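Novice: What follows is entry_0.tsv, TSV, C-alpha atoms.
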```tsv
chain	number	residue	atom	x	y	z
P	1	MET	CA	7.42	-16.45	-13.70
P	2	ASN	CA	6.00	-12.98	-14.31
P	3	ALA	CA	3.61	-13.45	-11.40
P	4	ASN	CA	6.40	-14.61	-9.09
P	5	SER	CA	8.58	-11.70	-10.19
P	6	ARG	CA	5.78	-9.24	-9.42
P	7	TRP	CA	5.27	-10.93	-6.05
P	8	GLN	CA	8.94	-10.42	-5.19
P	9	GLU	CA	8.71	-6.73	-6.14
P	10	MET	CA	5.62	-6.30	-3.95
P	11	ILE	CA	7.31	-8.01	-1.00
P	12	SER	CA	10.31	-5.71	-1.42
P	13	GLU	CA	7.99	-2.69	-1.29
P	14	ASN	CA	6.36	-4.00	1.88
P	15	LEU	CA	9.71	-4.62	3.56
P	16	ALA	CA	11.06	-1.20	2.55
P	17	SER	CA	7.99	0.53	4.04
P	18	SER	CA	7.57	-1.68	7.10
P	19	SER	CA	8.86	1.10	9.38
P	20	VAL	CA	6.55	3.79	7.92
P	21	PRO	CA	3.75	4.63	10.42
P	22	GLY	CA	0.32	3.77	9.06
P	23	TYR	CA	1.68	1.99	5.96
P	24	LYS	CA	-0.74	-0.53	4.43
P	25	LYS	CA	0.84	-3.61	2.92
P	26	GLN	CA	0.30	-4.80	-0.64
P	27	GLU	CA	-1.05	-8.31	-1.18
P	28	LEU	CA	-1.00	-10.55	-4.24
P	29	THR	CA	-3.68	-13.04	-5.26
P	30	MET	CA	-3.48	-15.68	-8.00
P	31	ALA	CA	-6.32	-16.73	-10.25
P	32	ALA	CA	-6.57	-18.99	-13.29
P	33	VAL	CA	-7.85	-17.34	-16.46
P	34	GLN	CA	-8.79	-19.03	-19.74
P	35	ALA	CA	-5.96	-18.57	-22.20
P	36	GLY	CA	-7.19	-20.58	-25.21
P	37	LEU	CA	-8.45	-23.88	-26.61
P	38	ILE	CA	-6.74	-27.16	-27.46
P	39	PRO	CA	-8.39	-28.48	-30.67
P	40	ALA	CA	-10.20	-31.80	-30.43
P	41	SER	CA	-8.23	-34.75	-31.80
P	42	GLY	CA	-8.72	-38.51	-31.99
P	43	LEU	CA	-11.90	-40.56	-31.79
P	44	SER	CA	-12.16	-40.29	-27.99
P	45	SER	CA	-12.35	-36.49	-27.98
P	46	THR	CA	-15.33	-34.67	-29.49
P	47	SER	CA	-14.80	-31.14	-28.19
P	48	ALA	CA	-11.93	-28.75	-27.73
P	49	GLN	CA	-10.32	-28.50	-24.29
P	50	HIS	CA	-9.61	-25.29	-22.40
P	51	PHE	CA	-6.23	-24.40	-20.97
P	52	SER	CA	-5.56	-21.72	-18.39
P	53	MET	CA	-2.78	-19.42	-17.27
P	54	PRO	CA	-2.22	-17.81	-13.85
P	55	LYS	CA	-3.11	-14.15	-13.37
P	56	ALA	CA	-1.64	-12.09	-10.51
P	57	THR	CA	-3.65	-9.25	-8.97
P	58	THR	CA	-2.37	-6.85	-6.31
P	59	SER	CA	-4.51	-5.20	-3.65
P	60	THR	CA	-4.02	-3.19	-0.46
P	61	SER	CA	-4.75	-4.56	2.99
P	62	PHE	CA	-6.35	-1.83	5.12
P	63	ALA	CA	-6.18	-3.88	8.30
P	64	PRO	CA	-5.14	-1.59	11.19
P	65	GLY	CA	-1.62	-1.72	12.60
P	66	ASP	CA	-0.71	-1.70	16.28
P	67	ILE	CA	-0.94	1.65	18.08
P	68	GLN	CA	2.29	2.45	19.89
P	69	PHE	CA	3.06	5.14	22.45
P	70	THR	CA	5.73	7.69	21.43
P	71	GLY	CA	5.17	10.53	23.90
P	72	ASN	CA	5.71	13.07	21.12
P	73	LYS	CA	3.01	15.79	21.17
P	74	ASN	CA	3.24	16.10	17.38
P	75	ASP	CA	2.33	12.43	16.84
P	76	VAL	CA	-1.25	11.27	16.45
P	77	ALA	CA	-2.81	7.87	15.77
P	78	ILE	CA	-6.25	7.14	14.32
P	79	GLU	CA	-8.64	4.77	16.06
P	80	GLY	CA	-11.13	3.67	13.44
P	81	LYS	CA	-11.25	3.56	9.64
P	82	GLY	CA	-10.49	7.24	9.06
P	83	PHE	CA	-7.71	9.00	7.17
P	84	LEU	CA	-6.06	12.37	7.71
P	85	GLN	CA	-5.77	14.62	4.69
P	86	VAL	CA	-2.62	16.43	3.52
P	87	GLU	CA	-1.80	18.61	0.53
P	88	LEU	CA	0.91	17.41	-1.84
P	89	PRO	CA	3.29	19.90	-3.53
P	90	ASP	CA	1.19	19.89	-6.73
P	91	GLY	CA	-1.96	20.78	-4.79
P	92	THR	CA	-3.43	17.27	-4.83
P	93	VAL	CA	-5.16	16.17	-1.64
P	94	ALA	CA	-3.81	12.85	-0.33
P	95	ASN	CA	-5.09	10.65	2.48
P	96	THR	CA	-2.87	9.01	5.09
P	97	ARG	CA	-2.86	7.27	8.45
P	98	ASP	CA	0.70	8.40	9.13
P	99	GLY	CA	0.32	10.94	11.93
P	100	GLU	CA	4.02	11.65	12.44
P	101	PHE	CA	3.73	15.45	12.15
P	102	GLN	CA	6.13	18.37	12.60
P	103	VAL	CA	5.93	22.17	12.79
P	104	ASN	CA	7.91	23.92	10.06
P	105	ASP	CA	9.73	27.27	10.29
P	106	ARG	CA	6.56	29.08	9.20
P	107	GLY	CA	4.49	27.59	11.99
P	108	GLN	CA	2.52	25.21	9.78
P	109	LEU	CA	1.69	21.67	10.85
P	110	VAL	CA	3.27	19.42	8.22
P	111	THR	CA	4.20	15.79	7.61
P	112	LYS	CA	7.83	14.65	7.84
P	113	GLU	CA	7.98	15.07	4.05
P	114	GLY	CA	6.88	18.69	4.43
P	115	TYR	CA	3.30	18.25	3.14
P	116	SER	CA	0.78	20.62	4.69
P	117	VAL	CA	-1.68	18.93	7.08
P	118	MET	CA	-5.24	19.91	6.22
P	119	GLY	CA	-7.81	21.17	8.67
P	120	GLU	CA	-11.52	21.57	8.06
P	121	SER	CA	-10.87	25.24	7.17
P	122	GLY	CA	-7.55	24.83	5.39
P	123	SER	CA	-3.99	24.22	6.60
P	124	ILE	CA	-3.23	24.28	10.35
P	125	GLN	CA	-1.29	27.44	11.23
P	126	LEU	CA	0.39	27.65	14.65
P	127	ASP	CA	1.93	30.63	16.47
P	128	LEU	CA	5.70	30.21	16.80
P	129	LYS	CA	5.75	32.92	19.48
P	130	ASN	CA	3.33	31.03	21.68
P	131	PRO	CA	5.30	28.81	24.12
P	132	ALA	CA	2.22	26.76	25.03
P	133	PRO	CA	2.48	23.07	24.02
P	134	LEU	CA	0.54	21.65	21.10
P	135	SER	CA	-2.63	19.79	22.03
P	136	ILE	CA	-4.71	17.54	19.76
P	137	SER	CA	-8.04	16.33	21.14
P	138	ALA	CA	-9.79	13.05	20.35
P	139	ASN	CA	-12.07	14.78	17.83
P	140	GLY	CA	-9.16	16.54	16.08
P	141	ASP	CA	-9.16	20.03	17.66
P	142	VAL	CA	-5.63	21.50	17.50
P	143	SER	CA	-4.80	23.99	20.27
P	144	GLN	CA	-1.90	25.96	21.70
P	145	GLY	CA	-2.84	26.47	25.32
P	146	ALA	CA	-6.29	28.10	25.24
P	147	ASP	CA	-6.00	29.09	21.55
P	148	VAL	CA	-7.79	26.73	19.14
P	149	LYS	CA	-5.89	26.76	15.83
P	150	GLY	CA	-8.11	24.50	13.81
P	151	LYS	CA	-9.53	21.01	13.52
P	152	LEU	CA	-7.84	18.16	11.68
P	153	LYS	CA	-9.84	16.90	8.72
P	154	LEU	CA	-10.76	13.25	9.20
P	155	VAL	CA	-12.40	11.37	6.33
P	156	GLU	CA	-13.18	7.77	5.48
P	157	PHE	CA	-14.22	5.78	2.43
P	158	ASP	CA	-16.92	3.17	1.90
P	159	LYS	CA	-14.63	1.41	-0.61
P	160	PRO	CA	-11.02	2.07	0.43
P	161	GLU	CA	-9.90	-0.61	-2.04
P	162	LEU	CA	-10.59	1.94	-4.81
P	163	LEU	CA	-7.96	4.32	-3.44
P	164	THR	CA	-4.76	4.72	-5.44
P	165	GLN	CA	-1.52	4.41	-3.48
P	166	VAL	CA	0.98	7.01	-4.63
P	167	SER	CA	3.89	6.47	-2.21
P	168	GLY	CA	4.50	5.04	1.24
P	169	GLY	CA	1.35	5.60	3.27
P	170	TYR	CA	-0.36	8.12	0.96
P	171	PHE	CA	-3.51	7.42	-1.05
P	172	ILE	CA	-5.44	9.49	-3.59
P	173	ALA	CA	-9.18	9.11	-4.22
P	174	LYS	CA	-9.38	9.14	-8.02
P	175	ASP	CA	-12.46	6.94	-8.41
P	176	PRO	CA	-15.76	8.88	-8.13
P	177	LYS	CA	-17.33	5.71	-6.72
P	178	SER	CA	-15.33	6.24	-3.53
P	179	PRO	CA	-15.94	9.81	-2.29
P	180	ALA	CA	-14.41	11.10	0.94
P	181	LEU	CA	-16.97	11.08	3.76
P	182	PRO	CA	-16.82	12.61	7.25
P	183	SER	CA	-15.31	10.13	9.71
P	184	THR	CA	-16.35	9.25	13.23
P	185	SER	CA	-12.86	7.95	14.05
P	186	THR	CA	-11.02	9.36	17.06
P	187	LEU	CA	-7.42	10.47	17.54
P	188	ARG	CA	-4.82	9.68	20.20
P	189	GLN	CA	-2.10	12.27	20.71
P	190	GLY	CA	1.36	10.96	21.50
P	191	TYR	CA	0.78	7.67	19.67
P	192	LEU	CA	1.50	6.32	16.18
P	193	GLU	CA	-0.07	3.46	14.24
P	194	SER	CA	2.61	1.05	13.06
P	195	SER	CA	2.65	-0.57	9.63
P	196	ASN	CA	0.45	-3.65	9.26
P	197	THR	CA	3.36	-5.45	7.57
P	198	SER	CA	4.93	-8.45	9.34
P	199	VAL	CA	8.62	-8.52	8.45
P	200	VAL	CA	8.93	-12.22	9.38
P	201	ARG	CA	5.96	-13.19	7.21
P	202	GLU	CA	7.21	-11.10	4.28
P	203	MET	CA	10.64	-12.76	4.48
P	204	ALA	CA	8.94	-16.19	4.42
P	205	ASN	CA	6.88	-15.07	1.40
P	206	MET	CA	10.06	-13.87	-0.32
P	207	MET	CA	11.62	-17.33	0.02
P	208	THR	CA	8.46	-18.95	-1.37
P	209	ALA	CA	8.35	-16.54	-4.33
P	210	MET	CA	12.03	-17.07	-5.13
P	211	ARG	CA	11.70	-20.86	-5.03
P	212	GLY	CA	8.62	-20.73	-7.25
P	213	PHE	CA	10.44	-18.54	-9.76
P	214	GLU	CA	13.48	-20.86	-9.80
P	215	ALA	CA	11.30	-23.96	-10.21
P	216	ASN	CA	9.49	-22.47	-13.22
P	217	GLN	CA	12.78	-21.29	-14.67
P	218	HIS	CA	14.14	-24.84	-14.35
P	219	VAL	CA	11.11	-26.30	-16.17
P	220	ILE	CA	11.58	-23.87	-19.06
P	221	GLN	CA	15.29	-24.69	-19.25
P	222	ILE	CA	14.51	-28.44	-19.42
P	223	GLN	CA	12.03	-27.81	-22.25
P	224	ASP	CA	14.59	-25.70	-24.15
P	225	ASP	CA	17.21	-28.42	-23.75
P	226	ARG	CA	14.73	-31.06	-24.99
P	227	MET	CA	13.82	-29.01	-28.05
P	228	GLY	CA	17.49	-28.37	-28.77
P	229	LYS	CA	18.21	-32.11	-28.64
P	230	VAL	CA	15.28	-32.91	-30.96
P	231	ILE	CA	16.50	-30.37	-33.51
P	232	SER	CA	20.05	-31.71	-33.26
P	233	ASP	CA	18.99	-35.37	-33.63
P	234	LEU	CA	16.61	-34.82	-36.55
P	235	GLY	CA	18.92	-32.47	-38.37
P	236	THR	CA	17.85	-30.08	-41.10
P	237	PRO	CA	15.35	-31.58	-43.61
P	238	ALA	CA	16.49	-31.63	-47.20
P	239	SER	CA	14.84	-29.00	-49.38
```
Starting from the file, lay out its structure as structure tokens.
Specialist:
Amino acid sequence: MNANSRWQEMISENLASSSVPGYKKQELTMAAVQAGLIPASGLSSTSAQHFSMPKATTSTSFAPGDIQFTGNKNDVAIEGKGFLQVELPDGTVANTRDGEFQVNDRGQLVTKEGYSVMGESGSIQLDLKNPAPLSISANGDVSQGADVKGKLKLVEFDKPELLTQVSGGYFIAKDPKSPALPSTSTLRQGYLESSNTSVVREMANMMTAMRGFEANQHVIQIQDDRMGKVISDLGTPAS
């Protein structure tokens, strides 16, 4: 029941973030783990028997989502395994594939949450007085007309499964076994990568998880009723 409850929570997270560009869905896997021993009894049994319990483990699927055209010059999609880096309010560097960017009132290139987008030499600073349109090349060069303002920092990880998801499509590299490496991925301006979550599949999984939870709940209720009847029929032993 705990595993099915966690599965329902994970599905809810996937559905809530299904419209977030670059979001990577959470997946749940079940495995049987040894929980104890049943002592040997009777002449036909000479050794104790094992019994197992299910264990639920969550992981992130880094399969790419579909790349969709938006026509917005501030949007950018990644082709490859790379991540763009942004700076969170507390100074932590986070990695994301959500390239839905904006320009704030100070001329900085930021995410829709207001996080500063990192370049190879720091944050990307644009000139608000320059009417030239924003241009982002395939290798990450950010320009306003003929003026190059910086280069987006693209990184990738040998073991992305070690990344820690903090919210939506943002990941932090806490494990030293998974350092950020320079990426050979390319960018496409005017496009966004959609979430790799299938709403239809997640809804089907939700129904399966709910039915599994209800079935296990019913089994426990039957056992409780049986034990209650046994106690009622036998009564309280005399002291």
Novice: Using only C-alpha atoms, determine which residues lie at most 10 Å from Glu113 of chain P, disregarding the query and same-chain residues fewer than 3 positions distant; provide the list as a PyMOL selection string.
Specialist: chain P and resi 88+100-102+110+116
Novice: Considering only C-alpha atoms, can you say which of P:Gly140, P:Pro89, P:Asn95, P:Asp66 comes closest to Tyr115 of chain P?
Specialist: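 Closest to Tyr115 of chain P of all the choices is P:Pro89.
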Novice: Under the rule that only C-alpha atoms are counted, which of P:Thr208, P:Thr197, P:Asp141, P:Ala16 is the nearest residue to Ser121 of chain P?
Specialist: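 Under the stated criterion, the closest residue is P:Asp141.
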Novice: Skipping near chain neighbours, those fewer than 3 positions away, what residues fall within 10 Å of Lys153 of chain P using only C-alpha atoms, listed as a list in words?
Specialist: Gly82, Phe83, Leu84, Gln85, Val86, Val117, Met118, Gly119, Glu120, Ser121, Gly122, Ser123, Asn139, Gly140, Asp141, Gly150, Pro182 and Ser183 of chain P
Novice: Rounded to one decimal in Å, what is the spacing between atom CA of Met210 of chain P and atom CA of Ser12 of chain P?
Specialist: 12.1 Å
Novice: Please compute the atom CA of Arg97 of chain P-atom CA of Gly22 of chain P distance, one decimal, in Å.
Specialist: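 Value for the atom CA of Arg97 of chain P-atom CA of Gly22 of chain P distance: 4.8 Å.
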Novice: Go through P:Gln26, P:Asn196, P:Ser19, P:Thr111 one by one, measure the shortest atom-to-atom distance of each to Glu87 of chain P using only C-alpha atoms, and give the residue with the smallest value.
Specialist: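 For Glu87 of chain P, the nearest of the candidates is P:Thr111.
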